[in-house]
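> Pasting a structure here, questions to come.
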Amino acid sequence: MNKFDELADSPVIEKTVRALNSNGIETIVVENGEEAKKKALEILPEGKEIMTMVSVTLDTISLSTEVNKEGGKYKPVRDKLYAMDRETQAKEMKSLGSTPDWAIGSVHAITQDGQILVASATGSQLPAYAYGAINVLWIVGGQKIVKNLEEGLKRIYEYVLPLESERAKKAYGVPGSSVNKILIISKEAQPGRIKVILVKEKLGF
């Protein structure tokens with residue numbers, strides 16, 4: 001088994017949760033993906049604009065489907081984006097995707113001292129996560145906890161990238177993916193703006 005695919009034990013999870021909370025990132029621990037989905041739907045307010053970022057984790061627990069379903073209780077930003085013309089409305093599309101009421105997705109690594117790493121090929125999800133979204137909600141499998149920042153970067157390049165490249169080939173018909181931009185969040189200046197649901201189960205990669 002790859003060490004970056006191993007679930008963190010309870011003491012490590014508890015240490016990480018304390019660190020995240022002290023860094024202004026509100027963190028809740030649940031047992032499995034089903035509980036994570038239920039908790040997320042409790043947290044997300046009805047009638048708000050929600051941007052679901054591309055995420056294997058969200059897809060695995062069917063949260064993206066639930067949020068974006070037609071006639072649901074939320075206002076999916078993706079519905080608006082799909083109806084827009086990228087050639088003539090690129091600026092409006094970028095603004096819309098970067099400043100929703102809620103941005104939801106996952107991350108690629110969390111250090112035991114409460115730092116969060118998100119890697120991206122295009123950077124499309126990073127503005128919302130870093131600042132633009134009023135609220136951010138991440139659902140994170142317990143295998144994504146690493147010892148420190150160095151290990152977090154190794155996890156991204158050595159473990160996540162090959163898996164994401166395979167996913168991108170199948171999903172988009174491209175040669176693969178690349179790590180072009182990395183967001184590292186050490187603390188959140190607005191306590192409570194970012195929420196993490198940490199799952200004691202392997203979700204995503």
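Following the order of the structure tokens, first chain is A, next is B, and so on, with residues numbered from 1 inside each chain and ligands from 1 in the order they appear.
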Compile the contact shell of A:Leu81 as number ranges by chain: residues with an atom at most 9 Å away, counting only C-alpha atoms, same-chain residues fewer than 3 positions apart removed.
A: 77-78, 84-86, 93, 96-97
> Excluding A:Ile194 and its own-chain neighbours fewer than 3 positions away, which residues fall within 10 Å of it when counting only C-alpha atoms? Please give them as a PyMOL selection string.
chain A and resi 24-27+102-104+129-130+133-138+187-191
> Nearest residue to A:Val140 out of A:Gly123, A:Gly176, A:Gly33, A:Gly192, using only C-alpha atoms?
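That would be A:Gly33, the residue with the smallest distance to A:Val140.
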> Could you name the residues that touch A:Ser98 at 7 Å or less, counting only C-alpha atoms, but leaving out those on the same chain fewer than 4 positions away, as a list in words?
Lys94, Pro127, Ala128, Gly132 and Ala133 of chain A
> Excluding stretch 178-182 of chain A and its own-chain neighbours fewer than 5 positions away, which residues fall within 7 Å of it when counting only C-alpha atoms? Please give them as a PyMOL selection string.
chain A and resi 117-123+161
> For A:Ala36, list every protein, DNA or RNA residue within 8 Å, evaluated using only C-alpha atoms, and leave out those in the same chain fewer than 5 positions away; present the list as a list in words.
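The residues satisfying every condition are Val30, Glu31, Ile139, Ile197, Leu198 and Val199 of chain A.
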> Can I get the selected residues back with C-alpha atoms, as a PDB file, in the first residue's frame?

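result33.pdb written:
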```
ATOM      1  CA  VAL A  30     -17.407  12.023  10.618  1.00  0.00           C
ATOM      2  CA  GLU A  31     -17.129   8.272  10.201  1.00  0.00           C
ATOM      3  CA  ILE A 139     -14.922  17.146   2.314  1.00  0.00           C
ATOM      4  CA  ILE A 197     -15.569  17.737   7.030  1.00  0.00           C
ATOM      5  CA  LEU A 198     -12.803  15.237   7.775  1.00  0.00           C
ATOM      6  CA  VAL A 199     -13.856  11.665   7.043  1.00  0.00           C
TER       7      VAL A 199
END
```
> Quick one: residues within 7 Å of stretch 4-12 of chain A, only C-alpha atoms counted, chain neighbours fewer than 6 positions away excluded, as a list in words?
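Contacts, with the query itself left out: Gly142, Gln143, Lys144, Ile145, Arg155, Tyr159, Glu201 and Lys202 of chain A.
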> Compile the contact shell of stretch 37-43 of chain A as an MDAnalysis selection string: residues with an atom at most 7 Å away, counting only C-alpha atoms, same-chain residues fewer than 3 positions apart removed.
chainID A and resid 33:34 61 63
> Restricting the calculation to only C-alpha atoms: of A:Ile156, A:Ser124, A:Glu150, A:Lys169, which residue gets closest to A:Val54?
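Closest to A:Val54 of all the choices is A:Ser124.
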> When distances are computed from only C-alpha atoms, which of A:Val196, A:Ile13, A:Leu126, A:Ala83 shows the smallest separation from A:Leu183?
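Among A:Val196, A:Ile13, A:Leu126, A:Ala83, it is A:Leu126 that comes nearest to A:Leu183.
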> DSSP on the backbone, then: every residue of stretch 68-127 of chain A marked helix (DSSP H, G or I), written as a PyMOL selection string.
chain A and resi 68+77-82+90-98+126-127
> What are the DSSP strand (DSSP E) residues of stretch 63-198 of chain A, as a PDB file with N, CA and C atoms, in the first residue's frame?

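To be explicit, this is the file written out as part-v5.pdb:
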```pdb
ATOM      1  N   LYS A  75     -28.972  27.036  -5.528  1.00  0.00           N
ATOM      2  CA  LYS A  75     -28.804  27.724  -6.807  1.00  0.00           C
ATOM      3  C   LYS A  75     -27.442  27.319  -7.375  1.00  0.00           C
ATOM      4  N   PRO A  76     -27.394  26.279  -8.197  1.00  0.00           N
ATOM      5  CA  PRO A  76     -26.112  25.791  -8.705  1.00  0.00           C
ATOM      6  C   PRO A  76     -25.458  26.790  -9.666  1.00  0.00           C
ATOM      7  N   TRP A 102     -21.120  29.898  -1.751  1.00  0.00           N
ATOM      8  CA  TRP A 102     -20.404  28.732  -1.241  1.00  0.00           C
ATOM      9  C   TRP A 102     -19.613  28.071  -2.365  1.00  0.00           C
ATOM     10  N   ALA A 103     -18.358  27.734  -2.085  1.00  0.00           N
ATOM     11  CA  ALA A 103     -17.553  26.892  -2.972  1.00  0.00           C
ATOM     12  C   ALA A 103     -17.320  25.585  -2.235  1.00  0.00           C
ATOM     13  N   ILE A 104     -17.644  24.455  -2.877  1.00  0.00           N
ATOM     14  CA  ILE A 104     -17.450  23.173  -2.205  1.00  0.00           C
ATOM     15  C   ILE A 104     -16.591  22.258  -3.063  1.00  0.00           C
ATOM     16  N   GLY A 105     -15.798  21.439  -2.415  1.00  0.00           N
ATOM     17  CA  GLY A 105     -14.909  20.534  -3.127  1.00  0.00           C
ATOM     18  C   GLY A 105     -14.087  19.735  -2.147  1.00  0.00           C
ATOM     19  N   ALA A 109      -4.063  17.617   0.307  1.00  0.00           N
ATOM     20  CA  ALA A 109      -3.296  17.242   1.498  1.00  0.00           C
ATOM     21  C   ALA A 109      -3.606  18.211   2.635  1.00  0.00           C
ATOM     22  N   ILE A 110      -3.581  17.665   3.858  1.00  0.00           N
ATOM     23  CA  ILE A 110      -3.681  18.477   5.071  1.00  0.00           C
ATOM     24  C   ILE A 110      -2.550  18.054   5.988  1.00  0.00           C
ATOM     25  N   THR A 111      -1.753  19.010   6.444  1.00  0.00           N
ATOM     26  CA  THR A 111      -0.647  18.675   7.336  1.00  0.00           C
ATOM     27  C   THR A 111      -1.142  18.578   8.776  1.00  0.00           C
ATOM     28  N   ILE A 116      -3.259  23.459   4.577  1.00  0.00           N
ATOM     29  CA  ILE A 116      -4.041  22.791   3.544  1.00  0.00           C
ATOM     30  C   ILE A 116      -3.437  23.076   2.180  1.00  0.00           C
ATOM     31  N   LEU A 117      -3.324  22.020   1.357  1.00  0.00           N
ATOM     32  CA  LEU A 117      -2.746  22.162   0.019  1.00  0.00           C
ATOM     33  C   LEU A 117      -3.769  21.754  -1.032  1.00  0.00           C
ATOM     34  N   VAL A 118      -3.898  22.612  -2.050  1.00  0.00           N
ATOM     35  CA  VAL A 118      -4.771  22.321  -3.188  1.00  0.00           C
ATOM     36  C   VAL A 118      -3.965  22.552  -4.457  1.00  0.00           C
ATOM     37  N   ALA A 119      -3.845  21.519  -5.283  1.00  0.00           N
ATOM     38  CA  ALA A 119      -3.116  21.634  -6.547  1.00  0.00           C
ATOM     39  C   ALA A 119      -4.096  21.766  -7.700  1.00  0.00           C
ATOM     40  N   SER A 120      -3.644  22.402  -8.784  1.00  0.00           N
ATOM     41  CA  SER A 120      -4.523  22.629  -9.929  1.00  0.00           C
ATOM     42  C   SER A 120      -3.725  22.751 -11.211  1.00  0.00           C
ATOM     43  N   ASN A 135     -18.115  31.554   1.525  1.00  0.00           N
ATOM     44  CA  ASN A 135     -17.873  30.383   2.373  1.00  0.00           C
ATOM     45  C   ASN A 135     -17.248  29.269   1.537  1.00  0.00           C
ATOM     46  N   VAL A 136     -16.449  28.446   2.190  1.00  0.00           N
ATOM     47  CA  VAL A 136     -15.821  27.296   1.542  1.00  0.00           C
ATOM     48  C   VAL A 136     -16.097  26.058   2.394  1.00  0.00           C
ATOM     49  N   LEU A 137     -16.469  24.958   1.726  1.00  0.00           N
ATOM     50  CA  LEU A 137     -16.666  23.689   2.418  1.00  0.00           C
ATOM     51  C   LEU A 137     -15.882  22.602   1.688  1.00  0.00           C
ATOM     52  N   TRP A 138     -15.003  21.945   2.427  1.00  0.00           N
ATOM     53  CA  TRP A 138     -14.213  20.854   1.860  1.00  0.00           C
ATOM     54  C   TRP A 138     -14.561  19.543   2.551  1.00  0.00           C
ATOM     55  N   ILE A 139     -14.759  18.487   1.771  1.00  0.00           N
ATOM     56  CA  ILE A 139     -14.922  17.146   2.314  1.00  0.00           C
ATOM     57  C   ILE A 139     -13.620  16.400   2.021  1.00  0.00           C
ATOM     58  N   VAL A 140     -12.984  15.867   3.056  1.00  0.00           N
ATOM     59  CA  VAL A 140     -11.619  15.350   2.912  1.00  0.00           C
ATOM     60  C   VAL A 140     -11.491  13.964   3.540  1.00  0.00           C
ATOM     61  N   GLY A 141     -11.061  12.993   2.744  1.00  0.00           N
ATOM     62  CA  GLY A 141     -10.789  11.654   3.256  1.00  0.00           C
ATOM     63  C   GLY A 141      -9.593  11.645   4.183  1.00  0.00           C
ATOM     64  N   ILE A 145      -4.189  13.196   5.191  1.00  0.00           N
ATOM     65  CA  ILE A 145      -3.397  13.840   6.239  1.00  0.00           C
ATOM     66  C   ILE A 145      -1.935  13.420   6.089  1.00  0.00           C
ATOM     67  N   VAL A 146      -1.045  14.405   6.114  1.00  0.00           N
ATOM     68  CA  VAL A 146       0.391  14.155   5.997  1.00  0.00           C
ATOM     69  C   VAL A 146       1.115  14.808   7.170  1.00  0.00           C
ATOM     70  N   LYS A 181      -0.273  25.028 -10.523  1.00  0.00           N
ATOM     71  CA  LYS A 181      -0.500  26.010  -9.461  1.00  0.00           C
ATOM     72  C   LYS A 181      -0.865  25.273  -8.180  1.00  0.00           C
ATOM     73  N   ILE A 182      -0.324  25.743  -7.061  1.00  0.00           N
ATOM     74  CA  ILE A 182      -0.630  25.135  -5.765  1.00  0.00           C
ATOM     75  C   ILE A 182      -1.018  26.228  -4.775  1.00  0.00           C
ATOM     76  N   LEU A 183      -2.148  26.048  -4.141  1.00  0.00           N
ATOM     77  CA  LEU A 183      -2.603  26.956  -3.089  1.00  0.00           C
ATOM     78  C   LEU A 183      -2.273  26.323  -1.740  1.00  0.00           C
ATOM     79  N   ILE A 184      -1.606  27.075  -0.879  1.00  0.00           N
ATOM     80  CA  ILE A 184      -1.321  26.617   0.478  1.00  0.00           C
ATOM     81  C   ILE A 184      -1.989  27.572   1.454  1.00  0.00           C
ATOM     82  N   ILE A 185      -2.891  27.053   2.249  1.00  0.00           N
ATOM     83  CA  ILE A 185      -3.574  27.867   3.256  1.00  0.00           C
ATOM     84  C   ILE A 185      -3.027  27.484   4.627  1.00  0.00           C
ATOM     85  N   ILE A 194     -13.970  29.010   6.240  1.00  0.00           N
ATOM     86  CA  ILE A 194     -13.651  27.704   5.677  1.00  0.00           C
ATOM     87  C   ILE A 194     -14.048  26.616   6.669  1.00  0.00           C
ATOM     88  N   LYS A 195     -14.770  25.628   6.166  1.00  0.00           N
ATOM     89  CA  LYS A 195     -15.162  24.477   6.985  1.00  0.00           C
ATOM     90  C   LYS A 195     -14.647  23.204   6.319  1.00  0.00           C
ATOM     91  N   VAL A 196     -14.178  22.289   7.135  1.00  0.00           N
ATOM     92  CA  VAL A 196     -13.693  21.001   6.662  1.00  0.00           C
ATOM     93  C   VAL A 196     -14.498  19.891   7.325  1.00  0.00           C
ATOM     94  N   ILE A 197     -15.000  18.977   6.514  1.00  0.00           N
ATOM     95  CA  ILE A 197     -15.569  17.737   7.030  1.00  0.00           C
ATOM     96  C   ILE A 197     -14.521  16.663   6.789  1.00  0.00           C
ATOM     97  N   LEU A 198     -13.889  16.227   7.865  1.00  0.00           N
ATOM     98  CA  LEU A 198     -12.803  15.237   7.775  1.00  0.00           C
ATOM     99  C   LEU A 198     -13.413  13.844   7.996  1.00  0.00           C
TER     100      LEU A 198
END
```
> What does the distance between atom CA of A:Asp101 and atom CA of A:Met51 come to in Å, to one decimal place?
8.0 Å
> Using only C-alpha atoms for the distances, tell me which of A:Asn148, A:Glu92, A:Gln125, A:Glu87 is nearest to A:Ser55.
A:Gln125
> When you draw a straight line from atom CA of A:Val56 to atom CA of A:Ser106, how long is it in Å?
8.3 Å
